[in-house]
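**Student:** Hey, dropping model_28.cif in here, mmCIF, C-alpha atoms:
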data_input
loop_
_atom_site.label_atom_id
_atom_site.label_comp_id
_atom_site.auth_asym_id
_atom_site.auth_seq_id
_atom_site.Cartn_x
_atom_site.Cartn_y
_atom_site.Cartn_z
CA LEU A 1 9.56 80.40 72.49
CA VAL A 2 8.31 76.91 73.36
CA VAL A 3 5.91 75.17 70.96
CA ALA A 4 4.68 71.65 70.29
CA ALA A 5 6.49 70.24 67.29
CA GLY A 6 7.68 66.96 65.90
CA TRP A 7 6.71 63.69 67.61
CA GLY A 8 4.62 65.68 70.12
CA ALA A 9 7.62 67.02 72.03
CA GLU A 10 7.87 70.59 73.24
CA VAL A 11 10.64 72.46 71.49
CA GLU A 12 12.44 75.59 72.58
CA TRP A 13 13.51 77.55 69.52
CA THR A 14 16.65 79.69 69.46
CA PRO A 15 17.57 82.12 66.65
CA CYS A 16 20.92 81.04 65.18
CA ALA A 17 23.02 82.48 62.38
CA ILE A 18 24.19 80.44 59.42
CA THR A 19 27.97 80.88 59.27
CA ALA A 20 28.69 78.63 56.26
CA ASN A 21 26.70 77.06 53.43
CA GLU A 22 28.37 74.97 50.72
CA GLU A 23 27.07 72.38 48.28
CA VAL A 24 29.32 69.37 48.90
CA ALA A 25 27.56 66.83 46.66
CA ALA A 26 24.60 66.80 44.31
CA GLY A 27 21.62 68.01 46.33
CA LEU A 28 23.55 68.03 49.61
CA HIS A 29 24.61 71.20 51.44
CA ALA A 30 26.96 71.47 54.40
CA LEU A 31 25.64 74.15 56.73
CA GLU A 32 27.28 75.54 59.83
CA VAL A 33 25.13 77.29 62.43
CA GLU A 34 26.28 79.27 65.43
CA VAL A 35 24.53 78.07 68.58
CA SER A 36 24.40 79.03 72.23
CA GLU A 37 26.70 77.49 74.84
CA GLY A 38 23.75 75.62 76.32
CA MET A 39 22.80 74.11 72.97
CA ALA A 40 26.40 73.09 72.31
CA ALA A 41 26.63 71.46 75.75
CA ALA A 42 23.45 69.46 75.05
CA TYR A 43 25.19 67.76 72.14
CA SER A 44 26.85 64.83 73.86
CA LYS A 45 26.45 61.79 71.59
CA ALA A 46 27.06 61.28 67.89
CA GLY A 47 23.76 60.59 66.17
CA GLN A 48 21.76 63.31 67.91
CA PHE A 49 19.77 65.72 65.76
CA VAL A 50 18.25 69.18 65.80
CA GLN A 51 15.06 70.65 64.40
CA VAL A 52 15.50 73.67 62.16
CA ARG A 53 12.99 76.05 60.62
CA THR A 54 13.37 79.20 58.57
CA SER A 55 10.49 81.09 60.22
CA ALA A 56 8.14 80.84 63.17
CA GLU A 57 5.40 79.67 60.81
CA GLY A 58 7.61 77.21 58.96
CA LYS A 59 7.57 73.44 59.25
CA PRO A 60 10.67 72.16 61.08
CA ALA A 61 13.16 69.86 59.41
CA PHE A 62 14.78 67.12 61.49
CA ILE A 63 18.51 67.10 60.67
CA ALA A 64 21.23 64.94 62.18
CA ILE A 65 24.35 66.72 63.37
CA ALA A 66 27.40 66.02 61.21
CA SER A 67 30.13 67.48 63.39
CA PRO A 68 31.28 65.37 66.36
CA PRO A 69 30.60 66.30 69.99
CA SER A 70 33.59 68.08 71.51
CA ALA A 71 34.97 68.91 74.92
CA PRO A 72 34.77 71.73 75.67
CA PRO A 73 31.66 72.17 73.48
CA THR A 74 32.12 74.17 70.28
CA PRO A 75 29.41 76.83 69.74
CA ARG A 76 28.91 75.74 66.13
CA LEU A 77 27.13 72.72 64.69
CA GLU A 78 27.62 71.34 61.20
CA LEU A 79 24.61 69.92 59.37
CA LEU A 80 24.34 68.00 56.10
CA VAL A 81 21.07 69.00 54.47
CA LYS A 82 19.42 67.10 51.62
CA ARG A 83 17.55 69.44 49.31
CA ASN A 84 13.79 69.02 48.96
CA ASP A 85 10.81 71.24 48.16
CA GLY A 86 10.24 72.21 51.79
CA THR A 87 12.28 73.57 54.67
CA ALA A 88 15.42 71.65 53.69
CA GLY A 89 15.36 73.33 50.29
CA GLU A 90 14.99 76.73 51.96
CA LEU A 91 18.01 75.96 54.13
CA CYS A 92 20.08 74.97 51.10
CA ASP A 93 19.24 78.34 49.53
CA ALA A 94 19.85 80.37 52.71
CA ALA A 95 22.61 82.97 52.63
CA VAL A 96 25.49 83.07 55.07
CA GLY A 97 24.42 85.40 57.86
CA ALA A 98 20.76 84.46 57.62
CA SER A 99 18.97 83.65 60.86
CA VAL A 100 17.14 80.37 61.37
CA GLU A 101 15.43 78.88 64.40
CA VAL A 102 17.09 75.79 65.88
CA SER A 103 16.14 73.43 68.69
CA ALA A 104 18.54 72.05 71.24
CA PRO A 105 20.17 68.76 70.21
CA MET A 106 17.90 65.83 70.96
CA GLY A 107 17.71 62.08 70.61
CA LYS A 108 19.70 59.21 72.11
CA GLY A 109 22.45 59.12 69.48
CA PHE A 110 24.17 55.88 68.53
CA PRO A 111 24.53 53.84 71.77
CA VAL A 112 27.82 52.15 70.85
CA GLY A 113 29.07 52.65 74.40
CA ALA A 114 26.40 50.26 75.65
CA LEU A 115 27.69 47.33 73.60
CA ALA A 116 29.11 44.44 75.58
CA GLU A 117 32.89 44.25 75.85
CA GLY A 118 32.99 41.09 73.75
CA VAL A 119 31.62 42.85 70.66
CA ASP A 120 34.66 43.29 68.43
CA THR A 121 33.21 43.55 64.91
CA LEU A 122 31.08 46.46 63.71
CA TYR A 123 29.25 47.00 60.44
CA ILE A 124 28.10 50.56 59.70
CA MET A 125 25.47 50.66 56.95
CA CYS A 126 24.33 54.05 55.69
CA THR A 127 22.95 55.67 52.57
CA GLY A 128 22.78 59.20 51.18
CA SER A 129 22.73 61.90 53.83
CA GLY A 130 22.80 59.15 56.46
CA ILE A 131 26.57 59.52 56.27
CA SER A 132 26.16 62.74 58.29
CA PRO A 133 25.68 61.28 61.80
CA VAL A 134 28.05 58.46 60.84
CA ARG A 135 30.72 61.07 60.23
CA ALA A 136 30.03 62.42 63.73
CA LEU A 137 30.34 58.89 65.14
CA VAL A 138 33.66 58.19 63.42
CA GLU A 139 35.18 61.57 64.30
CA SER A 140 33.88 61.54 67.89
CA GLY A 141 36.48 59.02 69.00
CA ALA A 142 33.79 56.61 70.26
CA LEU A 143 34.89 53.87 67.85
CA ALA A 144 38.60 54.33 68.43
CA ALA A 145 38.01 54.06 72.18
CA ARG A 146 36.62 50.52 71.86
CA PRO A 147 38.70 47.41 71.08
CA PHE A 148 37.04 46.69 67.71
CA LYS A 149 39.04 44.30 65.56
CA GLU A 150 37.07 45.19 62.44
CA VAL A 151 34.86 48.13 61.49
CA HIS A 152 33.31 48.03 58.01
CA LEU A 153 31.58 51.23 56.89
CA PHE A 154 29.36 50.83 53.83
CA HIS A 155 28.08 54.10 52.35
CA GLY A 156 25.65 54.02 49.46
CA ALA A 157 25.10 56.88 47.03
CA LEU A 158 23.80 57.29 43.48
CA ASP A 159 27.21 58.01 41.96
CA GLY A 160 30.45 59.85 42.65
CA GLY A 161 28.74 63.23 42.45
CA ALA A 162 26.18 62.33 45.10
CA GLY A 163 28.40 60.99 47.87
CA ALA A 164 29.41 63.43 50.62
CA TYR A 165 32.65 63.22 52.63
CA ALA A 166 34.56 60.95 50.23
CA ASP A 167 37.56 63.19 50.85
CA LYS A 168 37.48 62.19 54.54
CA HIS A 169 37.65 58.41 54.10
CA GLU A 170 41.42 58.16 54.30
CA ALA A 171 41.57 60.21 57.50
CA TRP A 172 38.77 58.13 59.04
CA GLU A 173 40.60 54.89 58.31
CA ALA A 174 43.76 56.31 59.86
CA ALA A 175 41.94 57.47 62.99
CA VAL A 176 39.95 54.31 63.79
CA PRO A 177 41.87 51.02 64.13
CA GLY A 178 40.39 48.32 61.91
CA LEU A 179 38.15 50.70 59.94
CA VAL A 180 37.65 50.09 56.22
CA VAL A 181 35.33 52.36 54.21
CA HIS A 182 33.42 50.66 51.38
CA GLN A 183 31.90 53.20 48.97
CA VAL A 184 28.96 51.83 47.00
CA TYR A 185 27.32 53.48 43.95
CA SER A 186 23.92 52.34 42.70
CA GLN A 187 24.31 54.05 39.30
CA PRO A 188 28.05 54.64 38.84
CA SER A 189 29.36 56.70 35.97
CA GLY A 190 32.67 56.60 34.14
CA ASP A 191 35.20 53.91 34.93
CA TRP A 192 34.17 53.19 38.53
CA GLY A 193 35.65 49.84 39.51
CA GLY A 194 34.34 49.61 43.04
CA LEU A 195 31.19 48.20 44.61
CA THR A 196 27.88 48.75 42.84
CA GLY A 197 24.21 48.32 43.70
CA TYR A 198 22.77 48.87 47.16
CA VAL A 199 24.68 48.55 50.42
CA GLN A 200 22.63 45.54 51.50
CA GLU A 201 23.76 43.84 48.29
CA ALA A 202 27.35 45.08 48.43
CA VAL A 203 28.00 43.65 51.90
CA ARG A 204 27.19 40.22 50.45
CA ASP A 205 29.81 40.56 47.69
CA GLU A 206 31.69 37.27 47.79
CA SER A 207 34.99 38.98 46.99
CA LEU A 208 34.83 40.76 50.37
CA GLY A 209 34.10 37.67 52.44
CA LEU A 210 32.21 39.75 55.00
CA PHE A 211 28.77 38.17 55.00
CA PRO A 212 27.51 36.27 56.81
CA PRO A 213 29.60 37.55 59.72
CA ALA A 214 32.11 34.99 60.93
CA ARG A 215 31.33 35.68 64.61
CA PRO A 216 27.70 36.83 64.89
CA ALA A 217 27.77 36.65 68.68
CA SER A 218 30.44 39.35 68.77
CA THR A 219 29.07 41.47 65.89
CA ALA A 220 27.05 44.70 66.00
CA VAL A 221 25.53 46.89 63.30
CA VAL A 222 24.93 50.66 63.08
CA LEU A 223 22.18 51.73 60.67
CA CYS A 224 21.33 55.12 59.17
CA GLY A 225 19.45 55.65 55.93
CA GLN A 226 16.31 54.76 54.02
CA LYS A 227 13.71 52.66 55.84
CA GLU A 228 13.83 49.97 53.17
CA MET A 229 17.59 49.59 53.54
CA ALA A 230 17.34 49.52 57.33
CA ALA A 231 14.63 46.85 57.22
CA ASP A 232 16.59 44.71 54.75
CA VAL A 233 19.84 44.96 56.70
CA THR A 234 18.12 44.22 60.00
CA ALA A 235 16.53 41.10 58.54
CA MET A 236 19.82 39.99 56.96
CA PHE A 237 21.88 40.28 60.11
CA THR A 238 19.31 38.87 62.51
CA GLU A 239 18.88 35.85 60.23
CA ALA A 240 22.68 35.52 60.26
CA GLY A 241 22.66 35.29 64.07
CA VAL A 242 23.20 38.90 65.20
CA GLU A 243 20.88 39.78 68.07
CA ALA A 244 18.43 42.58 67.35
CA SER A 245 19.67 44.41 70.47
CA ARG A 246 23.04 44.86 68.76
CA ILE A 247 21.54 46.53 65.69
CA LEU A 248 21.77 50.21 66.57
CA THR A 249 20.02 53.30 65.26
CA ASN A 250 20.02 56.90 66.42
CA PHE A 251 16.26 57.19 66.93
#
Spell out the structure here as structure tokens.
**Tutor:**
Amino acid sequence: LVVAAGWGAEVEWTPCAITANEEVAAGLHALEVEVSEGMAAAYSKAGQFVQVRTSAEGKPAFIAIASPPSAPPTPRLELLVKRNDGTAGELCDAAVGASVEVSAPMGKGFPVGALAEGVDTLYIMCTGSGISPVRALVESGALAARPFKEVHLFHGALDGGAGAYADKHEAWEAAVPGLVVHQVYSQPSGDWGGLTGYVQEAVRDESLGLFPPARPASTAVVLCGQKEMAADVTAMFTEAGVEASRILTNF
């Protein structure tokens, strides 16, 4: 079935079974859906997304793919879904084995491969469920394949119960040379001794010595999260001398 949906594009919907559904943080569910070989093959760049709906009459949710692209393609996609009162909430409540309608992967992904060879420092700034396509980027091998000297990943969440994939940070740092993950909590609980506030504030923490970037001409930024954060970070880095063309999003 082909219909007009989302941003005016025509979408071909395919029934897909949910093969896993687990709450991995407060209000965040990790879903796995079984997809066709053609859909799996269309997923080629970390940062791409799919549209998902629970019925033919339902409003589609746009959800970034959390699992990395693979070769050969794996006929399953992992999604990190943030609960709301609409389709995303229905997906969080869906039982394993339930059928949902899914589009083929779409979007340009994060174009890190297009960065000039001289770019050797990367800041990744994400919040909430924005860690989902960032996980795909880190695990895709795209960062490890480039000669980055430093990769600083800032992930903002409300508190320790709201941050997904914290258990993967150590493996990410081991897999990507130069990668350091900076977890940031805006309302930390307990005896948290790490970074607090918002990511655009945390990157300025004088104890880190990371902002402004020492070499803006060889620095790039990946963004994924709330519009306000993305606007603030873009303004910060462009004012610090990073060209807007090296501030990357997945849309």
**Student:** If the PyMOL selection byres ((chain A and resi 108-123) around 7) were run on this exact file, what residues would it hold? Put them as JSON, numbers by chain.
**Tutor:** {"A": [45, 46, 47, 48, 106, 107, 124, 125, 147, 148, 149, 150, 151, 152, 153, 218, 219, 220, 221, 222, 248, 249, 250, 251]}
**Student:** Need the shell around Pro60 (chain A): protein/DNA/RNA residues with any atom at most 6 Å away, counting only C-alpha atoms. Skip same-chain ones fewer than 5 positions apart. Format as number ranges by chain?
**Tutor:** A: 51-53
**Student:** Could you write those residues out with C-alpha atoms, as a short mmCIF file (atom, residue, chain, number, x, y, z; two decimals), in the frame of the given file?
**Tutor:**
data_model
loop_
_atom_site.label_atom_id
_atom_site.label_comp_id
_atom_site.auth_asym_id
_atom_site.auth_seq_id
_atom_site.Cartn_x
_atom_site.Cartn_y
_atom_site.Cartn_z
CA GLN A 51 15.06 70.65 64.40
CA VAL A 52 15.50 73.67 62.16
CA ARG A 53 12.99 76.05 60.62
#
**Student:** Applied to this file, what does the PyMOL selection byres ((chain A and resi 216) around 9) return in terms of residues, put as a list in words?
**Tutor:**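 In the shown coordinates, the PyMOL selection byres ((chain A and resi 216) around 9) covers Thr121, Pro212, Pro213, Ala214, Arg215, Ala217, Ser218, Thr219, Ala220, Phe237, Thr238, Ala240, Gly241, Val242 and Glu243 of chain A.
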**Student:** Keeping only C-alpha atoms, write the selected residues to a file as a CSV table (one decimal), keeping the file's coordinate frame.
**Tutor:**
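Dumped everything to result09.csv:
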chain,number,residue,atom,x,y,z
A,121,THR,CA,33.2,43.6,64.9
A,212,PRO,CA,27.5,36.3,56.8
A,213,PRO,CA,29.6,37.6,59.7
A,214,ALA,CA,32.1,35.0,60.9
A,215,ARG,CA,31.3,35.7,64.6
A,217,ALA,CA,27.8,36.6,68.7
A,218,SER,CA,30.4,39.4,68.8
A,219,THR,CA,29.1,41.5,65.9
A,220,ALA,CA,27.0,44.7,66.0
A,237,PHE,CA,21.9,40.3,60.1
A,238,THR,CA,19.3,38.9,62.5
A,240,ALA,CA,22.7,35.5,60.3
A,241,GLY,CA,22.7,35.3,64.1
A,242,VAL,CA,23.2,38.9,65.2
A,243,GLU,CA,20.9,39.8,68.1
**Student:** For region 64-76 of chain A, work out the shell of residues within 10 Å, counting all atoms listed in the file and skipping chain neighbours fewer than 3 positions away, then give it as a PyMOL selection string.
**Tutor:** chain A and resi 16-19+30-51+61+79-81+105-107+109+129-142+250
**Student:** Can you work out which one of A:Arg83, A:Trp13, A:Ala145, A:Ala202 has the shortest atom-to-atom distance to Ala104 (chain A), counting all atoms listed in the file?
**Tutor:**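 Closest to Ala104 (chain A), using all atoms listed in the file: A:Trp13.
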**Student:** Using only the atoms of region 207-223 of chain A listed in the file, plus 8 Å on each side, state the axis-aligned box centre and edge lengths in Å rounded to one decimal, as lines of an AutoDock Vina configuration file.
**Tutor:**
center_x = 28.6
center_y = 43.4
center_z = 57.9
size_x = 28.8
size_y = 32.7
size_z = 37.8
**Student:** CA of Gly128 (chain A) and CA of Ala230 (chain A), how far apart in Å?
**Tutor:**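 Going from CA of Ala230 (chain A) over to CA of Gly128 (chain A) covers 12.7 Å.
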**Student:** How far is it from CA of Val102 (chain A) to CA of Ala157 (chain A), in Å with one decimal?
**Tutor:**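 That distance, rounded to one decimal, is 27.9 Å.
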